[in-house]
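Visitor: Structure supplied as start.csv; contents: CSV, C-alpha atoms and all ligand atoms.
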```csv
chain,number,residue,atom,x,y,z
A,1068,MET,CA,88.2,49.5,-18.4
A,1069,PRO,CA,85.3,49.0,-15.9
A,1070,PRO,CA,83.9,52.2,-14.4
A,1071,ALA,CA,85.8,53.2,-11.3
A,1072,LEU,CA,84.5,53.6,-7.8
A,1073,THR,CA,82.6,56.8,-7.2
A,1074,GLN,CA,85.2,59.4,-6.1
A,1075,HIS,CA,85.4,61.0,-2.7
A,1076,PRO,CA,84.4,64.5,-3.8
A,1077,GLU,CA,81.3,63.1,-5.4
A,1078,LEU,CA,80.4,61.1,-2.3
A,1079,ARG,CA,80.7,64.3,-0.3
A,1080,ARG,CA,78.4,66.1,-2.7
A,1081,ARG,CA,75.9,63.3,-2.3
A,1082,ILE,CA,75.9,63.5,1.5
A,1083,LEU,CA,75.6,67.3,1.4
A,1084,ALA,CA,72.8,67.2,-1.0
A,1085,VAL,CA,70.7,64.7,1.0
A,1086,LEU,CA,71.3,66.4,4.4
A,1087,ASN,CA,70.7,69.9,3.0
A,1088,ALA,CA,67.4,68.7,1.5
A,1089,GLU,CA,66.1,68.1,5.0
A,1090,PRO,CA,64.6,71.2,6.6
A,1091,THR,CA,65.9,70.1,10.0
A,1092,GLY,CA,69.2,69.1,8.5
A,1093,VAL,CA,69.2,65.9,10.6
A,1094,LEU,CA,68.7,62.3,9.4
A,1095,THR,CA,69.4,59.0,11.1
A,1096,ALA,CA,72.5,57.4,9.6
A,1097,THR,CA,70.3,54.6,8.1
A,1098,SER,CA,67.9,57.0,6.4
A,1099,ALA,CA,70.7,59.2,5.1
A,1100,LEU,CA,72.5,56.1,3.6
A,1101,ASN,CA,69.2,54.9,2.1
A,1102,ARG,CA,68.5,58.2,0.4
A,1103,ILE,CA,72.0,58.5,-0.8
A,1104,TYR,CA,71.7,55.0,-2.2
A,1105,GLU,CA,68.4,55.6,-3.9
A,1106,ASP,CA,68.9,59.2,-5.2
A,1107,PHE,CA,72.2,58.6,-7.1
A,1108,SER,CA,73.6,56.0,-9.5
A,1109,TRP,CA,76.4,53.7,-8.6
A,1110,THR,CA,79.0,51.8,-10.5
A,1111,PRO,CA,79.3,48.0,-10.3
A,1112,GLN,CA,82.5,48.4,-8.3
A,1113,ASP,CA,80.6,50.5,-5.7
A,1114,HIS,CA,78.4,47.5,-5.2
A,1115,GLU,CA,81.2,45.0,-4.5
A,1116,PRO,CA,81.5,43.9,-0.9
A,1117,PHE,CA,84.1,45.4,1.4
A,1118,PRO,CA,85.2,42.7,3.8
A,1119,SER,CA,85.5,43.8,7.4
A,1120,ALA,CA,85.6,42.4,10.9
A,1121,ALA,CA,82.0,43.4,11.4
A,1122,GLY,CA,80.9,41.5,8.3
A,1123,ASP,CA,80.9,42.5,4.7
A,1124,GLU,CA,79.1,45.6,3.5
A,1125,PRO,CA,78.9,47.2,0.1
A,1126,ARG,CA,81.8,49.4,-0.8
A,1127,TRP,CA,79.6,52.4,-1.5
A,1128,ARG,CA,78.2,52.2,2.0
A,1129,LYS,CA,81.6,51.8,3.7
A,1130,ARG,CA,83.1,54.7,1.6
A,1131,THR,CA,80.2,57.0,2.2
A,1132,THR,CA,80.4,56.4,6.0
A,1133,THR,CA,84.1,57.1,5.8
A,1134,GLN,CA,83.5,60.3,4.0
A,1135,TYR,CA,81.0,61.4,6.7
A,1136,SER,CA,83.7,60.8,9.3
A,1137,ARG,CA,86.1,62.9,7.3
A,1138,MET,CA,83.5,65.7,7.2
A,1139,VAL,CA,83.2,65.5,11.0
A,1140,ARG,CA,87.0,66.0,11.3
A,1141,GLU,CA,86.8,69.0,9.0
A,1142,GLY,CA,84.1,70.6,10.9
A,1143,LEU,CA,81.4,70.2,8.2
A,1144,ALA,CA,79.3,67.7,10.2
A,1145,HIS,CA,78.6,66.7,13.8
A,1146,PRO,CA,79.9,63.5,15.4
A,1147,SER,CA,77.0,60.9,15.5
A,1148,PRO,CA,77.2,58.9,18.7
A,1149,ASP,CA,73.4,58.8,18.5
A,1150,GLN,CA,73.6,57.5,14.9
A,1151,ARG,CA,72.2,60.8,13.6
A,1152,TRP,CA,73.9,62.7,10.8
A,1153,ARG,CA,73.7,66.5,10.9
A,1154,LEU,CA,75.6,69.3,9.3
A,1155,THR,CA,77.4,72.1,11.1
A,1156,PRO,CA,76.7,75.7,9.8
A,1157,ALA,CA,79.9,75.3,7.8
A,1158,GLY,CA,78.5,72.2,6.2
A,1159,ARG,CA,75.3,74.0,5.3
A,1160,GLY,CA,77.4,76.8,3.8
A,1161,GLU,CA,79.2,74.3,1.6
A,1162,MET,CA,76.2,73.8,-0.7
A,1163,THR,CA,76.6,77.4,-1.8
A,1164,ILE,CA,79.7,76.4,-3.7
A,1165,GLU,CA,78.6,75.2,-7.0
A,1166,ASP,CA,80.1,72.2,-8.6
A,1167,GLU,CA,80.9,74.4,-11.6
A,1168,SER,CA,83.4,76.5,-9.7
A,1169,LEU,CA,85.5,73.5,-8.8
A,1170,GLY,CA,85.0,72.2,-12.4
A,1171,ALA,CA,86.2,75.5,-13.8
A,1172,GLU,CA,89.3,75.4,-11.6
A,1173,ARG,CA,90.0,71.9,-12.7
A,1174,SER,CA,89.8,73.0,-16.4
A,1175,ARG,CA,92.0,76.0,-15.7
A,1176,ARG,CA,94.7,73.7,-14.3
A,1177,ALA,CA,94.4,71.4,-17.3
A,1178,ARG,CA,94.9,74.4,-19.6
A,1179,MET,CA,97.9,75.6,-17.7
A,1180,TRP,CA,99.5,72.1,-18.0
A,1181,GLU,CA,98.8,71.9,-21.7
A,1182,GLU,CA,100.3,75.3,-22.2
A,1183,LEU,CA,103.5,74.5,-20.2
A,1184,ARG,CA,103.9,71.4,-22.4
A,1185,ALA,CA,103.2,73.3,-25.6
A,1186,LYS,CA,106.0,75.7,-24.6
A,1187,GLY,CA,108.6,73.0,-24.1
A,1188,GLY,CA,107.9,71.9,-20.6
A,1189,PRO,CA,107.4,70.4,-18.2
A,1190,THR,CA,111.1,69.6,-17.7
A,1191,GLU,CA,114.0,72.1,-17.5
A,1192,VAL,CA,112.1,75.3,-18.4
A,1193,ARG,CA,112.9,78.9,-17.6
A,1194,PRO,CA,111.8,79.9,-14.1
A,1195,GLN,CA,110.0,82.9,-15.6
A,1196,LEU,CA,107.8,80.7,-17.7
A,1197,VAL,CA,106.6,78.9,-14.6
A,1198,ASN,CA,105.5,82.2,-13.2
A,1199,GLU,CA,104.1,83.6,-16.4
A,1200,LEU,CA,101.8,80.7,-16.8
A,1201,GLY,CA,100.5,81.2,-13.2
A,1202,PHE,CA,102.0,78.1,-11.6
A,1203,HIS,CA,103.8,80.1,-9.0
A,1204,SER,CA,104.3,83.5,-7.6
A,1205,GLY,CA,106.7,84.7,-4.9
A,1206,GLN,CA,108.5,82.3,-2.6
A,1207,ARG,CA,105.6,80.5,-1.0
A,1208,CYS,CA,106.2,76.8,-0.1
A,1209,ILE,CA,102.6,76.1,-1.1
A,1210,TYR,CA,101.0,78.5,-3.6
A,1211,ALA,CA,97.2,78.6,-3.7
A,1212,ASP,CA,96.5,81.5,-6.1
A,1213,LYS,CA,94.0,82.9,-3.6
A,1214,THR,CA,92.4,85.3,-6.0
A,1215,ARG,CA,91.0,82.4,-7.9
A,1216,THR,CA,90.5,79.6,-5.3
A,1217,VAL,CA,89.3,81.3,-2.0
A,1218,SER,CA,85.7,80.4,-1.3
A,1219,ALA,CA,83.4,79.6,1.7
A,1220,VAL,CA,84.6,76.1,1.8
A,1221,SER,CA,88.2,76.8,1.1
A,1222,PRO,CA,88.9,80.1,3.0
A,1223,ALA,CA,92.6,79.6,2.6
A,1224,GLY,CA,92.2,78.7,-1.1
A,1225,ILE,CA,93.0,75.5,-2.9
A,1226,ALA,CA,96.7,74.6,-3.1
A,1227,LEU,CA,98.0,74.9,-6.7
A,1228,THR,CA,101.8,74.4,-6.6
A,1229,PHE,CA,104.2,73.0,-4.1
A,1230,LEU,CA,107.7,74.4,-4.1
A,1231,HIS,CA,110.3,71.7,-3.7
A,1232,THR,CA,113.6,73.4,-2.9
A,1233,GLY,CA,115.6,70.2,-2.8
A,1234,THR,CA,117.5,71.3,0.3
A,1235,ALA,CA,115.8,69.7,3.3
A,1236,TYR,CA,114.1,66.7,1.8
A,1237,GLU,CA,115.9,66.1,-1.5
A,1238,ASP,CA,115.8,62.3,-1.1
A,1239,GLU,CA,112.1,62.2,-0.9
A,1240,LEU,CA,111.3,63.3,-4.4
A,1241,THR,CA,111.2,60.6,-7.1
A,1242,GLU,CA,110.0,60.6,-10.7
A,1243,THR,CA,106.6,59.4,-9.4
A,1244,GLY,CA,105.9,61.2,-6.2
A,1245,VAL,CA,107.0,63.2,-3.2
A,1246,VAL,CA,106.4,63.1,0.5
A,1247,TYR,CA,106.0,66.8,1.2
A,1248,HIS,CA,106.5,68.0,4.8
A,1249,PHE,CA,104.2,70.8,6.0
A,1250,PRO,CA,105.9,74.2,5.9
A,1251,SER,CA,107.4,75.3,9.2
A,1252,THR,CA,108.8,78.8,8.7
A,1253,ASN,CA,109.0,81.9,10.9
A,1254,ALA,CA,105.5,82.9,9.8
A,1255,PRO,CA,103.3,80.2,11.4
A,1256,GLY,CA,100.1,81.9,10.4
A,1257,ARG,CA,101.0,81.8,6.8
A,1258,ASP,CA,102.2,78.1,7.2
A,1259,ARG,CA,98.8,77.2,8.7
A,1260,SER,CA,97.0,78.9,5.8
A,1261,GLU,CA,99.1,77.0,3.3
A,1262,ILE,CA,98.5,73.7,5.0
A,1263,GLU,CA,94.7,74.4,4.9
A,1264,ALA,CA,94.9,75.1,1.2
A,1265,ALA,CA,96.7,71.8,0.7
A,1266,ARG,CA,94.0,70.1,2.7
A,1267,ALA,CA,91.4,71.6,0.4
A,1268,ALA,CA,93.2,70.3,-2.7
A,1269,TYR,CA,93.2,66.9,-1.0
A,1270,THR,CA,89.5,67.0,-0.1
A,1271,PHE,CA,88.4,68.1,-3.5
A,1272,GLY,CA,90.7,65.8,-5.4
A,1273,MET,CA,92.1,68.8,-7.3
A,1274,PRO,CA,95.2,68.3,-9.4
A,1275,VAL,CA,98.3,70.0,-8.0
A,1276,PHE,CA,101.8,70.8,-9.3
A,1277,VAL,CA,105.3,70.4,-7.8
A,1278,ASN,CA,107.8,73.0,-8.8
A,1279,THR,CA,111.4,71.7,-8.5
A,1280,THR,CA,114.8,73.1,-9.3
A,1281,ALA,CA,116.5,71.4,-12.2
A,1282,ALA,CA,119.8,71.7,-14.0
A,1283,ARG,CA,121.4,75.1,-14.7
A,1284,GLY,CA,118.8,77.0,-12.6
A,1285,THR,CA,115.9,75.7,-14.7
A,1286,LYS,CA,112.6,74.4,-13.3
A,1287,THR,CA,110.9,71.1,-13.7
A,1288,VAL,CA,107.2,70.9,-12.9
A,1289,TYR,CA,105.3,67.7,-12.0
A,1290,ARG,CA,101.5,67.2,-12.1
A,1291,GLY,CA,99.7,64.9,-9.6
A,1292,TYR,CA,97.3,64.6,-6.8
A,1293,ILE,CA,97.5,64.7,-3.0
A,1294,GLU,CA,97.0,61.0,-2.3
A,1295,ASP,CA,97.4,61.2,1.4
A,1296,PHE,CA,97.4,63.9,4.0
A,1297,ASN,CA,98.4,63.3,7.6
A,1298,ASP,CA,98.3,65.8,10.5
A,1299,ASP,CA,100.2,63.6,12.9
A,1300,LEU,CA,103.1,63.1,10.4
A,1301,LYS,CA,102.8,66.8,9.4
A,1302,ALA,CA,103.3,65.6,5.8
A,1303,LEU,CA,101.3,64.8,2.7
A,1304,LEU,CA,102.0,62.5,-0.2
A,1305,VAL,CA,101.8,63.8,-3.8
A,1306,THR,CA,101.6,61.1,-6.5
A,1307,PHE,CA,102.6,62.2,-10.0
A,1308,THR,CA,100.2,61.2,-12.7
A,1309,ASN,CA,98.5,62.5,-15.8
A,1310,ASP,CA,95.2,60.8,-15.0
A,1311,GLU,CA,92.0,62.8,-14.9
A,1312,ILE,CA,90.9,60.8,-11.8
A,1313,PRO,CA,92.6,61.3,-8.5
A,1314,PRO,CA,94.0,58.1,-6.9
A,1315,ASP,CA,92.0,56.4,-4.2
A,1316,HIS,CA,93.3,55.5,-0.8
A,1317,ALA,CA,95.1,52.2,-0.6
A,1318,ALA,CA,94.0,51.7,3.0
A,1319,GLU,CA,90.4,51.1,1.9
A,1320,ASN,CA,91.2,48.1,-0.2
A,1321,PRO,CA,90.6,44.6,1.2
A,1322,PHE,CA,93.8,43.2,2.7
A,1323,SER,CA,96.0,41.2,0.3
A,1324,ILE,CA,99.1,39.5,1.7
A,1325,THR,CA,100.9,39.3,-1.6
A,1326,ASP,CA,101.5,41.7,-4.4
A,1327,GLU,CA,100.3,40.7,-7.9
A,1328,THR,CA,102.6,42.7,-10.1
A,1329,PRO,CA,101.1,43.1,-13.6
A,1330,ASN,CA,104.0,41.8,-15.6
A,1331,GLY,CA,105.6,39.2,-13.5
A,1332,THR,CA,108.9,39.5,-11.8
A,1333,ALA,CA,110.9,42.0,-13.9
A,1334,GLN,CA,110.4,45.3,-12.1
A,1335,THR,CA,112.7,48.2,-12.7
A,1336,LEU,CA,114.0,50.2,-9.8
A,1337,ARG,CA,111.9,53.1,-10.9
A,1338,ALA,CA,108.7,51.0,-10.9
A,1339,THR,CA,109.3,49.9,-7.4
A,1340,ARG,CA,110.3,53.2,-5.8
A,1341,PRO,CA,106.9,54.9,-5.9
A,1342,ASN,CA,105.5,51.9,-4.0
A,1343,GLN,CA,108.2,52.3,-1.4
A,1344,ARG,CA,107.3,56.0,-1.0
A,1345,ARG,CA,103.6,55.3,-0.7
A,1346,PHE,CA,104.3,52.2,1.6
A,1347,ALA,CA,106.5,54.2,4.0
A,1348,PHE,CA,104.0,57.0,4.3
A,1349,ALA,CA,101.1,54.6,4.9
A,1350,VAL,CA,103.0,52.6,7.5
A,1351,LEU,CA,104.1,55.6,9.6
A,1352,ALA,CA,100.6,57.0,9.3
A,1353,ARG,CA,99.1,53.7,10.5
A,1354,TYR,CA,101.3,53.1,13.5
A,1355,GLU,CA,103.2,56.4,14.2
A,1356,GLU,CA,106.8,57.3,13.5
A,1357,ARG,CA,108.4,55.2,16.3
A,1358,CYS,CA,110.1,51.8,16.3
A,1359,ALA,CA,107.6,49.1,17.4
A,1360,VAL,CA,110.1,47.4,19.8
A,1361,CYS,CA,112.3,50.3,21.1
A,1362,THR,CA,112.2,54.0,21.8
A,1363,MET,CA,113.6,55.3,18.5
A,1364,ASN,CA,111.3,58.0,17.2
A,1365,ILE,CA,113.5,60.5,15.4
A,1366,PRO,CA,111.8,61.6,12.2
A,1367,GLY,CA,113.5,60.1,9.2
A,1368,LEU,CA,115.1,57.3,11.2
A,1369,VAL,CA,112.1,55.0,11.4
A,1370,GLN,CA,111.6,52.6,8.5
A,1371,ALA,CA,108.7,50.7,7.1
A,1372,ALA,CA,109.5,47.0,7.4
A,1373,HIS,CA,107.7,44.2,5.6
A,1374,LEU,CA,106.5,41.2,7.6
A,1375,VAL,CA,106.1,39.1,4.5
A,1376,PRO,CA,109.1,40.4,2.6
A,1377,LYS,CA,109.1,41.7,-1.0
A,1378,LYS,CA,111.2,38.8,-2.1
A,1379,ASN,CA,108.3,36.5,-1.1
A,1380,LYS,CA,105.9,38.8,-3.0
A,1381,GLY,CA,104.8,40.4,0.3
A,1382,SER,CA,102.4,43.3,-0.4
A,1383,ASP,CA,102.9,47.0,0.2
A,1384,ASP,CA,99.7,47.0,2.4
A,1385,PRO,CA,100.6,48.8,5.6
A,1386,ARG,CA,99.0,45.9,7.5
A,1387,ASN,CA,101.9,43.8,6.2
A,1388,SER,CA,104.4,45.9,8.1
A,1389,LEU,CA,105.8,47.3,11.2
A,1390,PRO,CA,107.6,50.6,11.8
A,1391,LEU,CA,111.2,49.8,13.0
A,1392,CYS,CA,114.5,51.5,13.5
A,1393,ALA,CA,117.3,50.4,11.1
A,1394,ASN,CA,118.8,47.9,13.6
A,1395,HIS,CA,115.6,46.2,14.5
A,1396,HIS,CA,114.6,46.2,10.8
A,1397,LEU,CA,117.8,44.5,9.8
A,1398,ALA,CA,117.6,42.0,12.7
A,1399,LEU,CA,114.0,41.1,11.7
A,1400,ASP,CA,115.0,40.6,8.0
A,1401,ARG,CA,117.9,38.4,9.2
A,1402,GLY,CA,115.6,36.1,11.2
A,1403,TYR,CA,116.9,37.1,14.6
A,1404,TRP,CA,113.4,37.8,16.0
A,1405,ALA,CA,109.7,37.5,15.1
A,1406,ILE,CA,106.3,38.3,16.5
A,1407,ASN,CA,104.1,35.5,17.9
A,1408,PRO,CA,100.8,36.0,16.1
A,1409,GLN,CA,98.7,34.7,19.1
A,1410,THR,CA,100.3,36.7,21.9
A,1411,LEU,CA,102.0,39.5,19.9
A,1412,ALA,CA,105.1,38.8,22.0
A,1413,VAL,CA,108.6,39.4,20.7
A,1414,HIS,CA,110.5,36.1,20.3
A,1415,THR,CA,114.2,35.7,19.5
A,1416,SER,CA,115.7,32.8,17.5
A,1417,ARG,CA,117.0,29.8,19.3
A,1418,LYS,CA,120.5,30.0,17.7
A,1419,GLY,CA,120.9,33.8,17.5
A,1420,PRO,CA,122.0,36.3,20.1
A,1421,ALA,CA,119.9,36.5,23.3
A,1422,ALA,CA,117.0,38.9,23.6
A,1423,ALA,CA,118.9,41.2,26.0
A,1424,GLN,CA,121.5,42.0,23.3
A,1425,PHE,CA,119.0,43.5,20.9
A,1426,GLY,CA,118.0,46.5,23.1
A,1427,PHE,CA,114.3,45.8,22.9
A,1428,THR,CA,112.3,48.0,25.3
A,1429,LYS,CA,109.0,46.5,24.4
A,1430,GLN,CA,108.3,42.8,24.9
A,1431,ASN,CA,105.2,42.7,22.7
A,1432,LEU,CA,103.1,44.8,20.3
A,1433,GLN,CA,100.2,45.5,22.6
A,1434,HIS,CA,101.2,49.1,23.0
A,1435,LEU,CA,100.7,49.9,19.3
A,1436,ARG,CA,97.6,51.9,18.3
A,1437,ALA,CA,97.1,49.6,15.4
A,1438,GLN,CA,98.2,46.0,14.8
A,1439,PRO,CA,99.5,44.3,11.7
A,1440,HIS,CA,97.0,42.0,9.9
A,1441,PRO,CA,96.8,38.5,11.6
A,1442,GLU,CA,97.4,36.8,8.3
A,1443,ALA,CA,100.7,38.7,7.8
A,1444,LEU,CA,101.9,37.9,11.3
A,1445,GLU,CA,101.0,34.3,10.9
A,1446,ARG,CA,102.7,33.9,7.5
A,1447,ALA,CA,105.9,35.7,8.8
A,1448,TRP,CA,105.8,33.4,11.9
A,1449,GLN,CA,105.5,30.2,9.9
A,1450,THR,CA,108.4,31.2,7.7
A,1451,TRP,CA,110.5,32.1,10.7
A,1452,GLN,CA,109.9,28.7,12.3
A,1453,ARG,CA,111.7,27.2,9.4
A,1454,HIS,CA,114.6,29.7,9.4
A,1455,PRO,CA,118.1,28.1,9.8
A,1456,LEU,CA,118.5,30.1,13.1
A,1457,ASN,CA,115.7,28.1,14.5
A,1458,SER,CA,116.2,24.6,13.1
A,1501,ZN,ZN,114.2,49.7,17.3
```
What do you get writing this file as C-alpha cells?
Guide:
Amino acid sequence: MPPALTQHPELRRRILAVLNAEPTGVLTATSALNRIYEDFSWTPQDHEPFPSAAGDEPRWRKRTTTQYSRMVREGLAHPSPDQRWRLTPAGRGEMTIEDESLGAERSRRARMWEELRAKGGPTEVRPQLVNELGFHSGQRCIYADKTRTVSAVSPAGIALTFLHTGTAYEDELTETGVVYHFPSTNAPGRDRSEIEAARAAYTFGMPVFVNTTAARGTKTVYRGYIEDFNDDLKALLVTFTNDEIPPDHAAENPFSITDETPNGTAQTLRATRPNQRRFAFAVLARYEERCAVCTMNIPGLVQAAHLVPKKNKGSDDPRNSLPLCANHHLALDRGYWAINPQTLAVHTSRKGPAAAQFGFTKQNLQHLRAQPHPEALERAWQTWQRHPLNS
C-alpha cells in the first residue's frame, strides 16, 4: 500500500510548530506554507495535484490551508483577510500539549479494545464489563472520561464512548457506522460540554466507541472514528473500522462522476449501506436539510438524491446530488423533471404532468448555498433528454 496522505492532526501540529517558532507569532500565508513545506517530510500522495476552479495546487498545500481555516473556526487562529497567519492565545497554548499525551490516550484506547475482545466482546457482552473496562460510566450520552482527557486544548475532554440508546434514532445505526445527533437533554450545559468533547475527538482523529443495547440486555460495542462533524446539522458521523488511521474527508477528493467499485457489480446490501449513510450526511451538510425545489425541511424527511443514479454507476460524491423531499425525489427518479445545467432552471417532461401539479416553490437552484457539479448536472440532463417522457 502506498503511504497515505499526511493526516489532519499532523498537519495541525506542523502549522502550530511553524507559527509558534516565530517570536511575533505572525507569518504571511506564503511564508508559513513555505516553511511547513520545507521543515517536514511529505508522502508522494501529498504532492499529487488537487484540481480546483482556481487551478491545480498540490494536495499538501490545499489540505494545510483547509486545516488553518478549521483552526480559525475553533478559535486557535485568527482569520487572515490580509493573508497573514497568526495564532490566538488559545492556539499558542496548544503547543503545551505534548504529542505523547495524545499518543498515550490512543494506546490506552487500543488496550481497552483488546481487553474487551479478549473477554468475549465486542458483541453481546455484560453491561458491567463495559463499565469495568472503562468504556462508560453513568448515563452520559457522550462519555469523555474527563479525569484522563481534559487538557488545555480539550477543556471538555476527548469523547471516548457514545451511548446509542436505540430509541430515537434506531434506524441510523448500521454495522458500519452511525449518524449521531448531538445530545439535547434538560441539562444544556452538560450537552454543550459533551459536544465539545466529541469535537475534540474529531479534531485529534482519536478512536471512539459506540455503546449499543443488544439482545437480552447485553451490550455491543463498536470502534471507529468521527469522520464528519456538523454544527448546522447538529450531528456527527461515526464510521466503524479497526484501522489505525482515521478516515479522511470525502469532500476533499477530486470530483468523480462515477463510482469505481473494487469488485465489479456484485455489492451486498451491507456493503452499500455505509455509503448511503455517509452520502446522506455529506449531502445534507453541503446543501442544508431542505428540499431544493420546495419548502420541506423537517429533519429526517429530506433525502439525498443522486443526479447520476447508482444504477448508472453514479458516485456518492455530494456534488452528484440534491437534497429532495420524498415526492420530488421520486419524481426526479421517474424522469418527470430535471435541472437545466446552463440556467439551473427546473424543467418538466414534455409528456408528464404539468409543472404546476408538482408543487414546486422554486423555479431554479439559484437559491442553494452550494450547487451540484456541472458535470453531474450535464450528464443527468443528457440522459433525461432521451427519457421516454421526452421523446
Ligand atoms: Zn420537495
Visitor: Please identify the residues whose atoms come within 8 Å of ligand ZN 1501 (chain A), using all atoms listed in the file, and report them as a PyMOL selection string.
Guide: chain A and resi 1358-1363+1391-1396+1426-1427
Visitor: List as a ChimeraX atom specification the protein and nucleic acid residues near region 1204-1220 of chain A, meaning an atom at most 6 Å away when only C-alpha atoms are counted, but skip any in the same chain fewer than 3 places from it.
Guide: /A:1161,1198,1223-1230,1261
Visitor: What's the separation between CA of His1231 (chain A) and CA of Arg1193 (chain A), in Å to one decimal place?
Guide: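 CA of Arg1193 (chain A) lies 15.9 Å from CA of His1231 (chain A).
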Visitor: Restricting the calculation to all atoms listed in the file: of A:Asp1299, A:Thr1097, A:Ser1323, A:Pro1376, which residue gets closest to Pro1118 (chain A)?
Guide: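 Answer, going by the shortest atom-to-atom distance: A:Ser1323.
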Visitor: Using all atoms listed in the file, which of the listed residues (A:Pro1408, A:His1203, A:Glu1356, A:Lys1418) sits closest to Ser1458 (chain A)?
Guide: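 Checking each of A:Pro1408, A:His1203, A:Glu1356, A:Lys1418 against Ser1458 (chain A), counting all atoms listed in the file, the winner is A:Lys1418.
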Visitor: Go through A:Val1375, A:Leu1240, A:Leu1143, A:Ala1398 and flag the residue nearest Thr1450 (chain A), using all atoms listed in the file for the distances.
Guide: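 Closest to Thr1450 (chain A), using all atoms listed in the file: A:Val1375.
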Visitor: Arg1151 (chain A): which residues within 6 Å, counting all atoms listed in the file, same-chain residues fewer than 3 positions away excluded, as number ranges by chain?
Guide: A: 1094-1096, 1147
Visitor: Find, counting only C-alpha atoms, the residue in A:Val1369, A:Ala1447, A:Leu1100, A:Ala1437 that gets nearest to Asn1407 (chain A).
Guide: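 For Asn1407 (chain A), the nearest of the candidates is A:Ala1447.
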Visitor: I want to know what sits within 8 Å of Leu1432 (chain A), based on only C-alpha atoms, with residues of the same chain fewer than 3 positions away left out; could you give that as a compact mmCIF listing (two decimals) with C-alpha atoms, in the frame of the given file?
Guide:
```
# COMPACT_ATOMS: atom_id res chain seq x y z
CA ALA A 1359 107.60 49.10 17.40
CA VAL A 1360 110.10 47.40 19.80
CA LEU A 1411 102.00 39.50 19.90
CA ALA A 1412 105.10 38.80 22.00
CA VAL A 1413 108.60 39.40 20.70
CA LYS A 1429 109.00 46.50 24.40
CA LEU A 1435 100.70 49.90 19.30
CA GLN A 1438 98.20 46.00 14.80
```
